[in-house]
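Heads up: the structure comes next, in C-alpha coordinates.
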Amino acid sequence: MLIYPYNPKSASAKVLSKALSARRIKHNSTTFIGRARKKVINWGACNVPDEVMKCQVWNHPHSVEVCADKLLFMKLMMKHDVRTPDWTENINHARELAEDTNIVCRTLLRANSGRGIVVASEPAQVVQAPLYTMYVKSHSEWRVHIFKGEVFDVQRKVKAPDVEPKDWKIRNHDNGFIFQRHDIDAPEAVEGVAFKAFQVSGLDFGAVDVLYKEKKNKAYVLEINTAPGLEGTTLENYIQQFKINLSG
(Lines give C-alpha, C1' and ligand atoms only; values in the text may rest on other atoms or scores of the structure.)
Protein backbone atom coordinates (compact mmCIF):
# COMPACT_ATOMS: atom_id res chain seq x y z
CA MET A 1 0.00 0.00 0.00
CA LEU A 2 1.93 3.01 -1.33
CA ILE A 3 1.28 6.60 -2.43
CA TYR A 4 3.06 8.59 -5.11
CA PRO A 5 2.14 12.28 -4.58
CA TYR A 6 2.32 14.93 -7.30
CA ASN A 7 4.11 17.10 -4.74
CA PRO A 8 6.17 15.72 -1.83
CA LYS A 9 4.65 18.48 0.34
CA SER A 10 1.03 17.70 -0.59
CA ALA A 11 -1.03 18.03 2.60
CA SER A 12 -3.77 15.70 1.36
CA ALA A 13 -1.21 13.02 0.44
CA LYS A 14 0.29 13.29 3.91
CA VAL A 15 -2.99 12.82 5.77
CA LEU A 16 -3.97 9.97 3.45
CA SER A 17 -0.60 8.32 3.99
CA LYS A 18 -0.98 8.52 7.76
CA ALA A 19 -4.57 7.29 7.77
CA LEU A 20 -3.80 4.28 5.54
CA SER A 21 -0.36 3.59 7.01
CA ALA A 22 0.81 3.83 3.43
CA ARG A 23 4.38 4.86 2.66
CA ARG A 24 4.86 7.81 0.32
CA ILE A 25 7.34 7.15 -2.49
CA LYS A 26 9.96 9.88 -2.68
CA HIS A 27 10.38 11.69 -6.00
CA ASN A 28 14.14 11.23 -5.95
CA SER A 29 14.10 7.68 -4.60
CA THR A 30 16.81 5.45 -6.05
CA THR A 31 15.98 2.43 -3.89
CA PHE A 32 12.30 1.85 -4.70
CA ILE A 33 11.75 -1.31 -6.71
CA GLY A 34 8.44 -1.80 -8.47
CA ARG A 35 6.59 -5.11 -8.28
CA ALA A 36 3.35 -6.22 -9.94
CA ARG A 37 1.86 -7.15 -6.54
CA LYS A 38 2.36 -3.66 -5.12
CA LYS A 39 -0.54 -1.19 -5.25
CA VAL A 40 0.24 2.49 -5.67
CA ILE A 41 -2.18 5.40 -5.31
CA ASN A 42 -1.10 8.03 -7.83
CA TRP A 43 -2.11 11.23 -6.06
CA GLY A 44 -2.31 13.79 -8.87
CA ALA A 45 1.03 13.06 -10.59
CA CYS A 46 1.31 13.46 -14.36
CA ASN A 47 4.82 11.98 -14.43
CA VAL A 48 5.58 8.77 -12.55
CA PRO A 49 8.93 6.88 -12.37
CA ASP A 50 9.29 3.69 -14.41
CA GLU A 51 9.69 1.61 -11.26
CA VAL A 52 6.34 2.86 -9.97
CA MET A 53 4.69 1.98 -13.26
CA LYS A 54 5.69 -1.65 -12.73
CA CYS A 55 3.15 -1.70 -9.88
CA GLN A 56 -0.65 -1.65 -9.93
CA VAL A 57 -1.14 2.11 -10.29
CA TRP A 58 -4.49 3.72 -9.55
CA ASN A 59 -4.95 6.72 -11.82
CA HIS A 60 -2.67 6.27 -14.79
CA PRO A 61 -0.43 9.34 -15.19
CA HIS A 62 -1.64 9.93 -18.75
CA SER A 63 -5.24 10.22 -17.57
CA VAL A 64 -4.11 12.53 -14.77
CA GLU A 65 -2.21 14.68 -17.27
CA VAL A 66 -5.27 15.11 -19.49
CA CYS A 67 -7.38 16.14 -16.49
CA ALA A 68 -4.68 18.52 -15.24
CA ASP A 69 -4.44 20.35 -18.56
CA LYS A 70 -7.67 22.29 -18.99
CA LEU A 71 -7.44 22.48 -22.79
CA LEU A 72 -6.74 18.75 -23.18
CA PHE A 73 -9.62 18.08 -20.78
CA MET A 74 -12.06 20.24 -22.75
CA LYS A 75 -11.05 18.50 -25.99
CA LEU A 76 -11.58 15.07 -24.43
CA MET A 77 -15.02 16.03 -23.13
CA MET A 78 -16.00 17.46 -26.52
CA LYS A 79 -14.85 14.27 -28.27
CA HIS A 80 -17.18 12.21 -26.09
CA ASP A 81 -20.08 14.68 -26.11
CA VAL A 82 -19.85 15.53 -22.41
CA ARG A 83 -21.41 18.94 -21.71
CA THR A 84 -18.98 21.65 -20.57
CA PRO A 85 -19.16 25.45 -20.78
CA ASP A 86 -18.65 26.56 -24.38
CA TRP A 87 -15.00 27.32 -25.10
CA THR A 88 -12.58 28.53 -27.75
CA GLU A 89 -8.83 28.89 -28.29
CA ASN A 90 -9.27 31.92 -30.57
CA ILE A 91 -8.89 35.33 -28.94
CA ASN A 92 -10.85 37.09 -31.70
CA HIS A 93 -13.74 34.69 -31.26
CA ALA A 94 -13.56 35.24 -27.50
CA ARG A 95 -13.75 38.99 -28.00
CA GLU A 96 -16.81 38.59 -30.22
CA LEU A 97 -18.50 36.47 -27.57
CA ALA A 98 -17.60 39.01 -24.89
CA GLU A 99 -20.09 41.39 -26.52
CA ASP A 100 -22.90 39.32 -25.01
CA THR A 101 -21.45 37.32 -22.12
CA ASN A 102 -18.61 37.15 -19.62
CA ILE A 103 -15.53 35.30 -20.79
CA VAL A 104 -13.18 33.39 -18.50
CA CYS A 105 -9.65 33.82 -19.85
CA ARG A 106 -7.49 30.94 -18.61
CA THR A 107 -3.94 32.18 -18.91
CA LEU A 108 -2.65 29.03 -17.15
CA LEU A 109 -3.77 25.59 -18.28
CA ARG A 110 -2.39 23.78 -15.23
CA ALA A 111 -3.52 25.78 -12.22
CA ASN A 112 -6.03 25.68 -9.38
CA SER A 113 -7.61 27.93 -6.75
CA GLY A 114 -8.43 30.56 -9.36
CA ARG A 115 -4.82 31.16 -10.41
CA GLY A 116 -4.43 32.40 -13.97
CA ILE A 117 -8.10 33.36 -14.36
CA VAL A 118 -9.11 36.71 -15.83
CA VAL A 119 -12.85 37.34 -16.15
CA ALA A 120 -13.66 39.67 -19.06
CA SER A 121 -17.04 41.42 -19.15
CA GLU A 122 -16.31 43.25 -22.42
CA PRO A 123 -14.09 42.64 -25.50
CA ALA A 124 -11.36 45.05 -24.38
CA GLN A 125 -10.83 43.02 -21.20
CA VAL A 126 -10.12 39.75 -23.03
CA VAL A 127 -6.42 38.97 -22.60
CA GLN A 128 -4.12 36.59 -24.44
CA ALA A 129 -4.68 33.05 -23.18
CA PRO A 130 -4.52 29.47 -24.47
CA LEU A 131 -8.15 28.83 -23.48
CA TYR A 132 -11.34 30.87 -23.15
CA THR A 133 -14.52 29.50 -21.59
CA MET A 134 -17.94 31.10 -21.55
CA TYR A 135 -19.11 32.03 -18.08
CA VAL A 136 -22.15 29.96 -17.08
CA LYS A 137 -24.50 31.73 -14.71
CA SER A 138 -25.46 28.74 -12.61
CA HIS A 139 -27.85 28.01 -9.77
CA SER A 140 -25.34 25.83 -7.92
CA GLU A 141 -21.92 24.18 -8.07
CA TRP A 142 -21.19 20.60 -7.02
CA ARG A 143 -18.32 18.18 -6.43
CA VAL A 144 -19.04 14.52 -7.14
CA HIS A 145 -16.52 11.96 -5.83
CA ILE A 146 -16.30 8.72 -7.82
CA PHE A 147 -14.27 5.55 -7.26
CA LYS A 148 -14.18 2.68 -9.75
CA GLY A 149 -17.36 3.94 -11.40
CA GLU A 150 -19.37 4.42 -8.21
CA VAL A 151 -20.40 7.75 -6.70
CA PHE A 152 -19.47 7.61 -3.01
CA ASP A 153 -19.71 11.23 -1.93
CA VAL A 154 -21.38 14.45 -3.12
CA GLN A 155 -20.82 18.02 -1.92
CA ARG A 156 -22.29 21.38 -2.80
CA LYS A 157 -20.19 24.54 -2.92
CA VAL A 158 -21.71 27.33 -0.82
CA LYS A 159 -20.73 30.72 0.56
CA ALA A 160 -19.05 30.46 3.95
CA PRO A 161 -21.01 32.04 6.82
CA ASP A 162 -20.13 35.66 7.60
CA VAL A 163 -17.95 35.94 4.48
CA GLU A 164 -18.72 38.22 1.55
CA PRO A 165 -17.00 36.97 -1.63
CA LYS A 166 -14.91 39.47 -3.56
CA ASP A 167 -16.14 37.97 -6.82
CA TRP A 168 -19.12 35.61 -7.12
CA LYS A 169 -17.83 34.43 -10.52
CA ILE A 170 -14.84 32.68 -8.92
CA ARG A 171 -16.08 30.23 -6.32
CA ASN A 172 -13.04 28.93 -4.47
CA HIS A 173 -11.87 28.69 -0.88
CA ASP A 174 -9.80 31.88 -1.01
CA ASN A 175 -12.87 33.77 -2.22
CA GLY A 176 -15.07 32.64 0.65
CA PHE A 177 -16.64 29.40 -0.58
CA ILE A 178 -16.75 26.05 1.19
CA PHE A 179 -18.24 22.60 0.55
CA GLN A 180 -21.47 21.50 2.21
CA ARG A 181 -22.48 17.86 2.53
CA HIS A 182 -25.54 17.83 4.77
CA ASP A 183 -29.09 18.78 3.80
CA ILE A 184 -28.38 18.74 0.07
CA ASP A 185 -29.98 16.85 -2.77
CA ALA A 186 -27.95 16.75 -5.97
CA PRO A 187 -30.02 16.98 -9.16
CA GLU A 188 -29.95 13.85 -11.30
CA ALA A 189 -28.35 15.83 -14.13
CA VAL A 190 -25.36 16.67 -11.92
CA GLU A 191 -24.47 13.09 -11.06
CA GLY A 192 -25.27 12.01 -14.62
CA VAL A 193 -22.83 14.35 -16.36
CA ALA A 194 -20.20 13.76 -13.65
CA PHE A 195 -20.41 10.01 -14.16
CA LYS A 196 -20.16 10.37 -17.94
CA ALA A 197 -17.08 12.60 -17.64
CA PHE A 198 -15.47 10.15 -15.24
CA GLN A 199 -16.12 7.21 -17.55
CA VAL A 200 -14.26 8.76 -20.48
CA SER A 201 -11.42 10.10 -18.31
CA GLY A 202 -9.80 6.71 -17.77
CA LEU A 203 -9.36 7.44 -14.06
CA ASP A 204 -9.85 5.05 -11.15
CA PHE A 205 -10.90 7.80 -8.75
CA GLY A 206 -11.53 11.53 -8.89
CA ALA A 207 -13.65 14.49 -7.80
CA VAL A 208 -15.74 15.97 -10.61
CA ASP A 209 -16.69 19.66 -10.39
CA VAL A 210 -20.06 20.45 -11.97
CA LEU A 211 -22.17 23.57 -12.52
CA TYR A 212 -25.96 23.27 -12.51
CA LYS A 213 -28.41 25.56 -14.27
CA GLU A 214 -31.78 24.96 -12.65
CA LYS A 215 -34.03 26.74 -15.18
CA LYS A 216 -32.76 24.58 -18.02
CA ASN A 217 -32.03 21.53 -15.87
CA LYS A 218 -28.56 21.33 -17.42
CA ALA A 219 -25.26 20.43 -15.79
CA TYR A 220 -21.80 21.38 -17.05
CA VAL A 221 -18.51 19.68 -16.15
CA LEU A 222 -15.69 22.03 -15.19
CA GLU A 223 -12.87 19.65 -14.30
CA ILE A 224 -11.88 16.44 -12.52
CA ASN A 225 -9.59 16.72 -9.50
CA THR A 226 -7.15 13.83 -9.06
CA ALA A 227 -5.74 15.10 -5.75
CA PRO A 228 -8.67 16.79 -3.98
CA GLY A 229 -8.35 18.40 -0.58
CA LEU A 230 -9.01 15.92 2.21
CA GLU A 231 -10.34 16.67 5.66
CA GLY A 232 -13.15 15.56 7.93
CA THR A 233 -15.80 13.38 6.31
CA THR A 234 -14.18 13.66 2.87
CA LEU A 235 -10.99 12.12 4.25
CA GLU A 236 -12.95 9.39 6.03
CA ASN A 237 -14.83 8.54 2.85
CA TYR A 238 -11.65 8.29 0.78
CA ILE A 239 -9.99 6.12 3.44
CA GLN A 240 -12.97 3.78 3.34
CA GLN A 241 -12.91 3.53 -0.45
CA PHE A 242 -9.17 2.85 -0.61
CA LYS A 243 -9.36 0.23 2.12
CA ILE A 244 -12.23 -1.57 0.41
CA ASN A 245 -10.46 -1.63 -2.94
CA LEU A 246 -6.98 -2.32 -1.58
CA SER A 247 -8.27 -5.49 0.06
CA GLY A 248 -9.73 -6.66 -3.22
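Identifiers for the C-alpha coordinates are assigned positionally: chains receive A, B, ... in sequence, residues are indexed from 1 per chain, and ligands are indexed from 1 in the order shown.
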
Legend entry - Residues within 7 Å of segment 53-64 of chain A, only C-alpha atoms, excluding chain neighbours under 5 positions, as a list of chain:residue names: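 Contacts, with the query itself left out: A:Gly34, A:Arg35, A:Ala36, A:Arg37, A:Lys38, A:Lys39, A:Val40, A:Ile41, A:Asn42, A:Gly44, A:Ala45, A:Cys46, A:Asn47, A:Val48, A:Ser201, A:Gly202, A:Leu203, A:Asp204, A:Phe205, A:Thr226.
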
Export of the given selection (all heavy atoms) as a short mmCIF file (atom, residue, chain, number, x, y, z; two decimals), in the first residue's frame:
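File produced: part.cif:
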```cif
data_model
loop_
_atom_site.label_atom_id
_atom_site.label_comp_id
_atom_site.auth_asym_id
_atom_site.auth_seq_id
_atom_site.Cartn_x
_atom_site.Cartn_y
_atom_site.Cartn_z
N GLY A 34 9.83 -1.51 -8.15
CA GLY A 34 8.44 -1.80 -8.47
C GLY A 34 8.19 -3.29 -8.60
O GLY A 34 9.04 -4.04 -9.07
N ARG A 35 7.02 -3.72 -8.17
CA ARG A 35 6.59 -5.11 -8.28
C ARG A 35 5.11 -5.14 -8.67
O ARG A 35 4.34 -4.30 -8.24
CB ARG A 35 6.77 -5.84 -6.94
CG ARG A 35 8.22 -6.02 -6.51
CD ARG A 35 8.91 -7.13 -7.29
NE ARG A 35 10.23 -7.42 -6.74
CZ ARG A 35 11.35 -6.83 -7.12
NH1 ARG A 35 11.30 -5.90 -8.07
NH2 ARG A 35 12.51 -7.16 -6.59
N ALA A 36 4.74 -6.13 -9.45
CA ALA A 36 3.35 -6.22 -9.94
C ALA A 36 2.35 -6.37 -8.81
O ALA A 36 1.19 -5.98 -8.94
CB ALA A 36 3.22 -7.38 -10.92
N ARG A 37 2.79 -6.93 -7.67
CA ARG A 37 1.86 -7.15 -6.54
C ARG A 37 1.65 -5.89 -5.71
O ARG A 37 0.74 -5.83 -4.89
CB ARG A 37 2.39 -8.27 -5.65
CG ARG A 37 3.74 -7.95 -5.02
CD ARG A 37 4.24 -9.11 -4.16
NE ARG A 37 5.58 -8.87 -3.64
CZ ARG A 37 5.84 -8.11 -2.59
NH1 ARG A 37 4.85 -7.50 -1.95
NH2 ARG A 37 7.07 -7.93 -2.17
N LYS A 38 2.48 -4.89 -5.89
CA LYS A 38 2.36 -3.66 -5.12
C LYS A 38 1.27 -2.77 -5.70
O LYS A 38 1.12 -2.67 -6.93
CB LYS A 38 3.69 -2.90 -5.10
CG LYS A 38 4.81 -3.61 -4.37
CD LYS A 38 6.10 -2.78 -4.38
CE LYS A 38 7.21 -3.48 -3.61
NZ LYS A 38 8.48 -2.70 -3.63
N LYS A 39 0.52 -2.11 -4.82
CA LYS A 39 -0.54 -1.19 -5.25
C LYS A 39 -0.15 0.23 -4.88
O LYS A 39 0.17 0.51 -3.73
CB LYS A 39 -1.87 -1.58 -4.60
CG LYS A 39 -2.37 -2.96 -5.02
CD LYS A 39 -3.67 -3.32 -4.34
CE LYS A 39 -4.14 -4.71 -4.77
NZ LYS A 39 -5.42 -5.10 -4.12
N VAL A 40 -0.18 1.11 -5.87
CA VAL A 40 0.24 2.49 -5.67
C VAL A 40 -0.90 3.45 -6.00
O VAL A 40 -1.50 3.37 -7.08
CB VAL A 40 1.46 2.85 -6.54
CG1 VAL A 40 1.85 4.31 -6.34
CG2 VAL A 40 2.64 1.95 -6.20
N ILE A 41 -1.20 4.33 -5.07
CA ILE A 41 -2.18 5.40 -5.31
C ILE A 41 -1.42 6.57 -5.93
O ILE A 41 -0.57 7.17 -5.29
CB ILE A 41 -2.84 5.84 -3.99
CG1 ILE A 41 -3.59 4.67 -3.35
CG2 ILE A 41 -3.79 7.02 -4.23
CD1 ILE A 41 -4.03 4.95 -1.92
N ASN A 42 -1.72 6.87 -7.18
CA ASN A 42 -1.10 8.03 -7.83
C ASN A 42 -1.93 9.26 -7.45
O ASN A 42 -3.03 9.45 -7.95
CB ASN A 42 -1.07 7.85 -9.34
CG ASN A 42 -0.55 9.10 -10.04
OD1 ASN A 42 0.11 9.95 -9.43
ND2 ASN A 42 -0.85 9.23 -11.32
N GLY A 44 -2.41 12.58 -8.06
CA GLY A 44 -2.31 13.79 -8.87
C GLY A 44 -1.05 13.96 -9.69
O GLY A 44 -0.81 15.05 -10.23
N ALA A 45 -0.24 12.92 -9.85
CA ALA A 45 1.03 13.06 -10.59
C ALA A 45 0.86 12.75 -12.07
O ALA A 45 0.31 11.71 -12.44
CB ALA A 45 2.08 12.15 -9.98
N CYS A 46 1.35 13.66 -12.91
CA CYS A 46 1.31 13.46 -14.36
C CYS A 46 2.51 12.65 -14.85
O CYS A 46 2.45 12.02 -15.90
CB CYS A 46 1.30 14.81 -15.09
SG CYS A 46 -0.12 15.86 -14.70
N ASN A 47 3.60 12.71 -14.09
CA ASN A 47 4.82 11.98 -14.43
C ASN A 47 5.18 11.07 -13.27
O ASN A 47 5.33 11.52 -12.13
CB ASN A 47 5.97 12.96 -14.70
CG ASN A 47 5.69 13.86 -15.89
OD1 ASN A 47 5.49 13.37 -17.01
ND2 ASN A 47 5.66 15.15 -15.67
N VAL A 48 5.32 9.78 -13.57
CA VAL A 48 5.58 8.77 -12.55
C VAL A 48 6.81 7.95 -12.97
O VAL A 48 6.94 7.58 -14.14
CB VAL A 48 4.35 7.84 -12.39
CG1 VAL A 48 4.65 6.70 -11.45
CG2 VAL A 48 3.16 8.65 -11.88
N SER A 201 -12.69 9.58 -18.78
CA SER A 201 -11.42 10.10 -18.31
C SER A 201 -10.34 9.03 -18.19
O SER A 201 -9.15 9.33 -18.23
CB SER A 201 -11.59 10.78 -16.95
OG SER A 201 -11.82 9.82 -15.92
N GLY A 202 -10.76 7.78 -17.97
CA GLY A 202 -9.80 6.71 -17.77
C GLY A 202 -9.26 6.63 -16.35
O GLY A 202 -8.36 5.85 -16.07
N LEU A 203 -9.82 7.41 -15.45
CA LEU A 203 -9.36 7.44 -14.06
C LEU A 203 -9.96 6.30 -13.23
O LEU A 203 -11.00 5.73 -13.60
CB LEU A 203 -9.74 8.77 -13.40
CG LEU A 203 -9.11 10.03 -13.96
CD1 LEU A 203 -9.80 11.27 -13.38
CD2 LEU A 203 -7.61 10.07 -13.69
N ASP A 204 -9.31 5.99 -12.12
CA ASP A 204 -9.85 5.05 -11.15
C ASP A 204 -10.62 5.76 -10.05
O ASP A 204 -11.55 5.21 -9.47
CB ASP A 204 -8.72 4.23 -10.52
CG ASP A 204 -8.02 3.34 -11.54
OD1 ASP A 204 -8.67 2.40 -12.02
OD2 ASP A 204 -6.85 3.60 -11.85
N PHE A 205 -10.19 7.00 -9.74
CA PHE A 205 -10.90 7.80 -8.75
C PHE A 205 -10.72 9.28 -9.10
O PHE A 205 -9.78 9.66 -9.79
CB PHE A 205 -10.39 7.53 -7.33
CG PHE A 205 -8.96 7.95 -7.10
CD1 PHE A 205 -8.64 9.24 -6.68
CD2 PHE A 205 -7.92 7.05 -7.30
CE1 PHE A 205 -7.33 9.62 -6.47
CE2 PHE A 205 -6.60 7.42 -7.09
CZ PHE A 205 -6.31 8.71 -6.68
N THR A 226 -7.76 15.13 -9.35
CA THR A 226 -7.15 13.83 -9.06
C THR A 226 -6.36 13.85 -7.75
O THR A 226 -5.76 12.84 -7.38
CB THR A 226 -6.23 13.39 -10.21
OG1 THR A 226 -5.22 14.39 -10.41
CG2 THR A 226 -7.03 13.21 -11.50
#
```

Inset, instruction - Can you check which residues of segment 24-202 of chain A DSSP gives as strand (DSSP E) on the backbone and send them as a ChimeraX atom specification? - result: /A:24,39-43,56-58,87-88,103-106,117-120,131-134,140-147,150-159,177-180

Inset, instruction - Rank A:Ile224, A:Val208, A:Leu230, A:Ile239 by their smallest atom-to-atom distance to Glu65 of chain A, using only C-alpha atoms, and report the top residue only. - result: A:Ile224

Legend entry - atom CA of Gly192 of chain A to atom CA of Ser12 of chain A, distance in Å rounded to a single decimal: 27.0 Å

Legend entry - Members of segment 1-247 of chain A assigned helix (DSSP H, G or I) by DSSP, as a ChimeraX atom specification: /A:11-20,50-53,61-68,70-79,91-97,123-125,173-175,188-201,232-246

Legend entry - Best match for closeness to Ala13 of chain A among A:Val144, A:Ile25, A:Cys105, A:Leu71, counting only C-alpha atoms: A:Ile25

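The nearest approach to Cys67 of chain A among the residues A:Glu223, A:Glu214, A:Asp100, A:Glu122, with only C-alpha atoms taken into account, belongs to A:Glu223.
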
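Going from atom CA of Val104 of chain A to atom CA of Val119 of chain A covers 4.6 Å.
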
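You can rank A:Trp43, A:Phe152, A:Phe179, A:Phe73 by their closest distance to Gln240 of chain A using only C-alpha atoms, and at the top of that list sits A:Phe152.
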
Legend entry - Counting only C-alpha atoms, the residue of A:Arg110, A:Arg181, A:Arg156, A:His80 that sits nearest Val210 of chain A: A:Arg156

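Minimum distance to Val221 of chain A across A:Glu96, A:Asp153, A:Asp69, A:Glu141 (counting only C-alpha atoms) occurs at A:Glu141.
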
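Coordinates place atom CA of Gly149 of chain A at a distance of 23.8 Å from atom CA of Val52 of chain A.
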
Inset, instruction - Write out as a PyMOL selection string which residues come within 8 Å of Lys26 of chain A when counting only C-alpha atoms, dropping same-chain ones fewer than 3 positions away. - result: chain A and resi 4+8+29
